[in-house]
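Okay, structure16.cif is below, mmCIF, C-alpha atoms:
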data_coords
#
loop_
_atom_site.group_PDB
_atom_site.id
_atom_site.type_symbol
_atom_site.label_atom_id
_atom_site.label_comp_id
_atom_site.auth_asym_id
_atom_site.auth_seq_id
_atom_site.Cartn_x
_atom_site.Cartn_y
_atom_site.Cartn_z
ATOM 1 C CA MET A 148 0.000 0.000 0.000
ATOM 2 C CA LEU A 149 1.424 3.373 -1.013
ATOM 3 C CA LYS A 150 1.521 6.054 1.658
ATOM 4 C CA GLN A 151 0.918 9.659 0.615
ATOM 5 C CA LEU A 152 3.709 12.020 1.656
ATOM 6 C CA PRO A 153 2.397 14.929 3.764
ATOM 7 C CA GLN A 154 2.800 18.396 2.247
ATOM 8 C CA THR A 155 5.857 19.928 3.899
ATOM 9 C CA ASP A 156 9.089 21.404 2.630
ATOM 10 C CA VAL A 157 11.599 18.701 1.743
ATOM 11 C CA LEU A 158 15.161 18.951 2.998
ATOM 12 C CA VAL A 159 17.772 17.349 0.715
ATOM 13 C CA PRO A 160 21.308 16.878 2.079
ATOM 14 C CA ASN A 161 23.884 18.186 -0.368
ATOM 15 C CA THR A 162 26.238 15.220 0.089
ATOM 16 C CA ARG A 163 26.354 11.456 -0.329
ATOM 17 C CA ASN A 164 28.676 11.123 2.669
ATOM 18 C CA PRO A 165 26.457 9.817 5.498
ATOM 19 C CA GLN A 166 28.366 11.599 8.283
ATOM 20 C CA LYS A 167 28.191 14.942 6.476
ATOM 21 C CA ALA A 168 24.493 14.347 5.739
ATOM 22 C CA ILE A 169 23.895 13.771 9.460
ATOM 23 C CA GLU A 170 25.724 16.989 10.306
ATOM 24 C CA TYR A 171 23.691 18.896 7.691
ATOM 25 C CA ILE A 172 20.314 17.538 8.836
ATOM 26 C CA ASN A 173 21.102 17.896 12.554
ATOM 27 C CA SER A 174 22.247 21.468 11.980
ATOM 28 C CA TYR A 175 18.899 22.164 10.336
ATOM 29 C CA ILE A 176 17.041 20.520 13.235
ATOM 30 C CA ASP A 177 19.030 22.562 15.753
ATOM 31 C CA THR A 178 18.457 25.926 14.046
ATOM 32 C CA ALA A 179 15.055 25.735 12.325
ATOM 33 C CA ARG A 180 11.531 25.340 13.639
ATOM 34 C CA CYS A 181 10.855 21.902 12.215
ATOM 35 C CA GLU A 182 8.570 19.887 14.448
ATOM 36 C CA ASN A 183 7.325 18.094 11.339
ATOM 37 C CA MET A 184 9.706 17.781 8.425
ATOM 38 C CA SER A 185 10.529 15.713 5.351
ATOM 39 C CA VAL A 186 14.008 14.652 4.277
ATOM 40 C CA ASP A 187 14.883 13.147 0.899
ATOM 41 C CA ILE A 188 17.691 10.594 1.182
ATOM 42 C CA SER A 189 16.530 8.519 -1.773
ATOM 43 C CA PHE A 190 19.954 8.925 -3.421
ATOM 44 C CA MET A 191 21.649 6.960 -0.600
ATOM 45 C CA ASN A 192 22.083 3.196 -0.424
ATOM 46 C CA ALA A 193 19.974 1.286 2.109
ATOM 47 C CA ILE A 194 22.640 1.006 4.825
ATOM 48 C CA ASP A 195 23.587 4.696 4.681
ATOM 49 C CA ALA A 196 19.910 5.676 4.657
ATOM 50 C CA CYS A 197 19.322 3.580 7.801
ATOM 51 C CA TYR A 198 22.292 5.171 9.534
ATOM 52 C CA VAL A 199 21.297 8.730 8.634
ATOM 53 C CA SER A 200 17.615 8.279 9.460
ATOM 54 C CA THR A 201 18.360 6.634 12.820
ATOM 55 C CA MET A 202 20.858 9.245 13.971
ATOM 56 C CA CYS A 203 18.796 12.224 12.825
ATOM 57 C CA SER A 204 15.468 10.841 14.045
ATOM 58 C CA THR A 205 17.030 10.456 17.474
ATOM 59 C CA ASN A 206 18.305 14.052 17.456
ATOM 60 C CA HIS A 207 14.922 15.300 16.222
ATOM 61 C CA TYR A 208 13.104 13.387 18.978
ATOM 62 C CA ILE A 209 15.260 15.035 21.655
ATOM 63 C CA LYS A 210 14.169 18.494 20.467
ATOM 64 C CA TYR A 211 10.617 17.621 19.352
ATOM 65 C CA PRO A 212 9.270 14.559 21.245
ATOM 66 C CA GLU A 213 5.862 15.003 19.576
ATOM 67 C CA GLY A 214 7.291 15.756 16.105
ATOM 68 C CA LYS A 215 7.643 13.574 13.002
ATOM 69 C CA ILE A 216 10.212 13.132 10.243
ATOM 70 C CA ASN A 217 9.113 11.795 6.870
ATOM 71 C CA TRP A 218 12.062 10.031 5.254
ATOM 72 C CA ILE A 219 11.972 9.693 1.471
ATOM 73 C CA ILE A 220 13.971 6.584 0.581
ATOM 74 C CA SER A 221 14.684 4.539 -2.516
ATOM 75 C CA SER A 222 14.261 1.086 -1.017
ATOM 76 C CA SER A 223 11.818 -0.431 1.439
ATOM 77 C CA LEU A 224 14.827 -2.319 2.838
ATOM 78 C CA SER A 225 15.778 0.834 4.769
ATOM 79 C CA GLU A 226 12.326 0.971 6.315
ATOM 80 C CA ASN A 227 12.367 -2.729 7.221
ATOM 81 C CA ILE A 228 15.722 -2.421 8.976
ATOM 82 C CA SER A 229 14.830 0.801 10.797
ATOM 83 C CA LYS A 230 11.394 -0.475 11.827
ATOM 84 C CA ARG A 231 13.020 -2.805 14.353
ATOM 85 C CA LEU A 232 14.528 0.196 16.147
ATOM 86 C CA ASN A 233 11.042 1.512 17.011
ATOM 87 C CA LEU A 234 11.718 5.087 15.948
ATOM 88 C CA GLY A 235 8.309 6.444 16.829
ATOM 89 C CA ASN A 236 8.880 9.767 15.106
ATOM 90 C CA ALA A 237 9.984 8.372 11.729
ATOM 91 C CA SER A 238 7.848 7.540 8.710
ATOM 92 C CA PHE A 239 9.275 6.150 5.495
ATOM 93 C CA TYR A 240 8.086 6.803 1.938
ATOM 94 C CA SER A 241 9.600 4.978 -1.000
ATOM 95 C CA VAL A 242 10.090 6.771 -4.309
ATOM 96 C CA LYS A 243 9.848 3.493 -6.228
#
Using the file provided, produce a representation of the structure as structure tokens.
Amino acid sequence: MLKQLPQTDVLVPNTRNPQKAIEYINSYIDTARCENMSVDISFMNAIDACYVSTMCSTNHYIKYPEGKINWIISSSLSENISKRLNLGNASFYSVK
């Protein structure tokens, strides 16, 4: 079943390096008012996407416990791996 992505601005990290993407996204979380946000990491492989979404979802939860991040990914594999971590503030939307 396809999920419809909520209408919010979409943040796109300007790097394929997962550590730099984390720094970019966390910097945005720290400086912007972004209780609900969308991030497009569909250009990353599944493992990097899991790493980035886990680290940034955790940082986002610390600042906005009631907030949500919509992760735009290229593979449902990322969602399946991350689902086991019970990130309550993360939703995943596949572009395929």
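With all atoms listed in the file as the basis for measurement, A:Thr201 is the residue among A:Pro165, A:Thr201, A:Asn173, A:Lys215 that approaches Lys230 (chain A) most closely.
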Please tabulate, as a Markdown table, the residues of region 212-234 of chain A that come within 8 Å of region 185-200 of chain A, each with its closest pair of atoms and the distance in Å to one decimal, counting all atoms listed in the file and ordering rows by chain, then residue number upward.
| residue | atom | partner | partner_atom | distance |
| --- | --- | --- | --- | --- |
| A:Ile216 | CA | A:Ser185 | CA | 5.5 |
| A:Asn217 | CA | A:Ser185 | CA | 4.4 |
| A:Trp218 | CA | A:Val186 | CA | 5.1 |
| A:Ile219 | CA | A:Asp187 | CA | 4.6 |
| A:Ile220 | CA | A:Ser189 | CA | 4.0 |
| A:Ser221 | CA | A:Ser189 | CA | 4.4 |
| A:Ser222 | CA | A:Ala193 | CA | 6.5 |
| A:Leu224 | CA | A:Ala193 | CA | 6.3 |
| A:Ser225 | CA | A:Ala193 | CA | 5.0 |
| A:Glu226 | CA | A:Cys197 | CA | 7.6 |
| A:Ile228 | CA | A:Cys197 | CA | 7.1 |
| A:Ser229 | CA | A:Cys197 | CA | 6.1 |
Writing out the chosen residues with C-alpha atoms as a CSV table (one decimal), in the frame of the given file:
chain,number,residue,atom,x,y,z
A,216,ILE,CA,10.2,13.1,10.2
A,217,ASN,CA,9.1,11.8,6.9
A,218,TRP,CA,12.1,10.0,5.3
A,219,ILE,CA,12.0,9.7,1.5
A,220,ILE,CA,14.0,6.6,0.6
A,221,SER,CA,14.7,4.5,-2.5
A,222,SER,CA,14.3,1.1,-1.0
A,224,LEU,CA,14.8,-2.3,2.8
A,225,SER,CA,15.8,0.8,4.8
A,226,GLU,CA,12.3,1.0,6.3
A,228,ILE,CA,15.7,-2.4,9.0
A,229,SER,CA,14.8,0.8,10.8
Exercise. Go through A:Ala179, A:Val159, A:Leu234, A:Ile169 one by one, measure the shortest atom-to-atom distance of each to Pro212 (chain A) using only C-alpha atoms, and give the residue with the smallest value.
Key: A:Leu234
Exercise. Please indicate the distance in Å from CA of Gly214 (chain A) to CA of Asn227 (chain A), rounded to one decimal place.
Key: 21.1 Å
Practice problem: Considering only C-alpha atoms, state which residue in the set A:Ser223, A:Met184, A:Lys167, A:Val157 is at the smallest distance from Phe239 (chain A). | Solution: A:Ser223
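Nearest to Asn233 (chain A) of all the residues A:Glu182, A:Glu170, A:Ser204, A:Asn164 is A:Ser204, based on only C-alpha atoms.
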Practice problem: Counting all atoms listed in the file, figure out which residue out of A:Asn206, A:Asn161, A:Asn236, A:Ser241 gets nearest to Asp177 (chain A). | Solution: A:Asn206
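Of the residues under consideration (A:Leu158, A:Arg163, A:Leu232, A:Tyr240), A:Leu158 shows the shortest atom-to-atom contact distance to Tyr175 (chain A) when counting all atoms listed in the file.
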Quiz item: Suppose you want the space between CA of Gly235 (chain A) and CA of Ile209 (chain A); what is it in Å?
Solution: 12.1 Å
All file atoms of region 230-235 of chain A boxed axis-aligned, 6 Å per side, centre plus edges, as JSON:
{"center_x": 11.4, "center_y": 1.8, "center_z": 14.4, "size_x": 18.2, "size_y": 21.2, "size_z": 17.2}
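Coordinates place CA of Lys210 (chain A) at a distance of 18.5 Å from CA of Ala168 (chain A).
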